[in-house]
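Chemist: I'd like to ask some things about the structure below.
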Amino acid sequence: MLSANAVLSGTDELIAEPYIIKEMGGHQIAIIGLTGGKDTAEVQIRPPLTTARQVVAELTPQADIIIILSHAGLSVDRQIAQEVSGVDLIISGGREHPKVPVYDPQRGVLVVHADVATRGHAGRRIGIAYLKFDSQGRLIHQKWVNKWLDDKIPDDPDIAAWARKQR
């Protein structure tokens with residue numbers, strides 16, 4: 001779990017790691033978590049756009065590629081894509097979502113959406129992003145596929161074992 005903007009109420013203590021940096025394909029990739037929703041008695045949600053600006057600025061010298069995993073809502077995610085330099089990909093969650101990926105070639109930001117979990121439907125589709133970056137970490141090609149999961153795709157043994165224990 002990642003969240004750069006959810007803190008314990010009344011403190012500055014984050015409830016999760018704000019981001020991770022992974023090396024992949026010769027690139028340093030930063031993955032930032034952003035939480036949406038309303039404050040509760042236990043957790044305060046800081047403004048996602050402000051947080052994105054701060055964390056992306058901090059990570060830009062350390063990473064060639066910056067990905068945001070967001071549950072802040074599509075309108076906020078689009079605002080981040082338009083206003084926060086350095087973001088390459090936003091994986092947006094929540095009920096509000098584009099029907100197709102949104103790509104801004106001027107800014108080089110791709111916004112895709114995770115599947116919306118609904119009763120009787122959850123876990124039947126998966127989004128697959130095929131992304132190609134140049135040596136400087138700029139997105140130069142993307143293809144998004146929304147794939148239905150069926151019997152041809154085997155269950156992950158660890159997840160299947162976990163699910164059996166939950167019954």
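Letters A, B, ... mark the chains of the structure tokens in the order given; residue numbers begin at 1 per chain; ligand numbers begin at 1, in order shown.
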DSSP says strand (DSSP E) for which residues of chain A? Put them as a ChimeraX atom specification?
Modeler: /A:6-8,19-24,27-34,43-45,65-70,89-92,102-104,109-113,125-133,139-148
Chemist: Please identify all polymer residues within 9 Å of Gly37 in chain A, counting only C-alpha atoms, omitting same-chain residues fewer than 6 positions from it, and present them as a ChimeraX atom specification.
Modeler: /A:45,71-73
Chemist: Tell me, as an NGL selection string, which residues lie within 6 Å of range 87-90 of chain A, counting only C-alpha atoms; anything in the same chain fewer than 4 positions away does not count.
Modeler: :A and (66-68 or 109-111)
Chemist: Restricting the calculation to only C-alpha atoms: of A:Gln136, A:Gln166, A:Gln106, A:Ser70, which residue gets closest to Ala52 in chain A?
Modeler: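 Nearest to Ala52 in chain A: A:Ser70.
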Chemist: From the set A:Lys22, A:His27, A:Arg46, A:Lys38, which residue has the shortest atom-to-atom contact distance to Ala4 in chain A, counting only C-alpha atoms?
Modeler: A:Arg46
Chemist: Fewer than 5 positions away in the same chain doesn't count, so skip those; otherwise give me all residues within 12 Å of Arg107 in chain A, counting only C-alpha atoms, as a VMD selection string.
Modeler: chain A and resid 78 80 to 89 102 138 to 140
Chemist: Just asking: which residues within range 22-154 of chain A are alpha helix (DSSP H) according to DSSP, as a list in words?
Modeler: Pro48, Leu49, Thr50, Thr51, Ala52, Arg53, Gln54, Val55, Val56, Ala57, Glu58, Leu59, Leu74, Ser75, Val76, Asp77, Arg78, Gln79, Ile80, Ala81, Gln82 and Glu83 of chain A
Chemist: What does the structure give for the distance between CA of Asp64 in chain A and CA of Gly25 in chain A, in Å to one decimal?
Modeler: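 Pair CA of Asp64 in chain A / CA of Gly25 in chain A returns 11.2 Å.
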Chemist: Which residue, A:Leu8, A:Ala30, A:Ile91, A:Ala129, has the smallest gap to Val112 in chain A when you use only C-alpha atoms?
Modeler: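 Residue with the minimum atom-to-atom distance to Val112 in chain A: A:Ile91.
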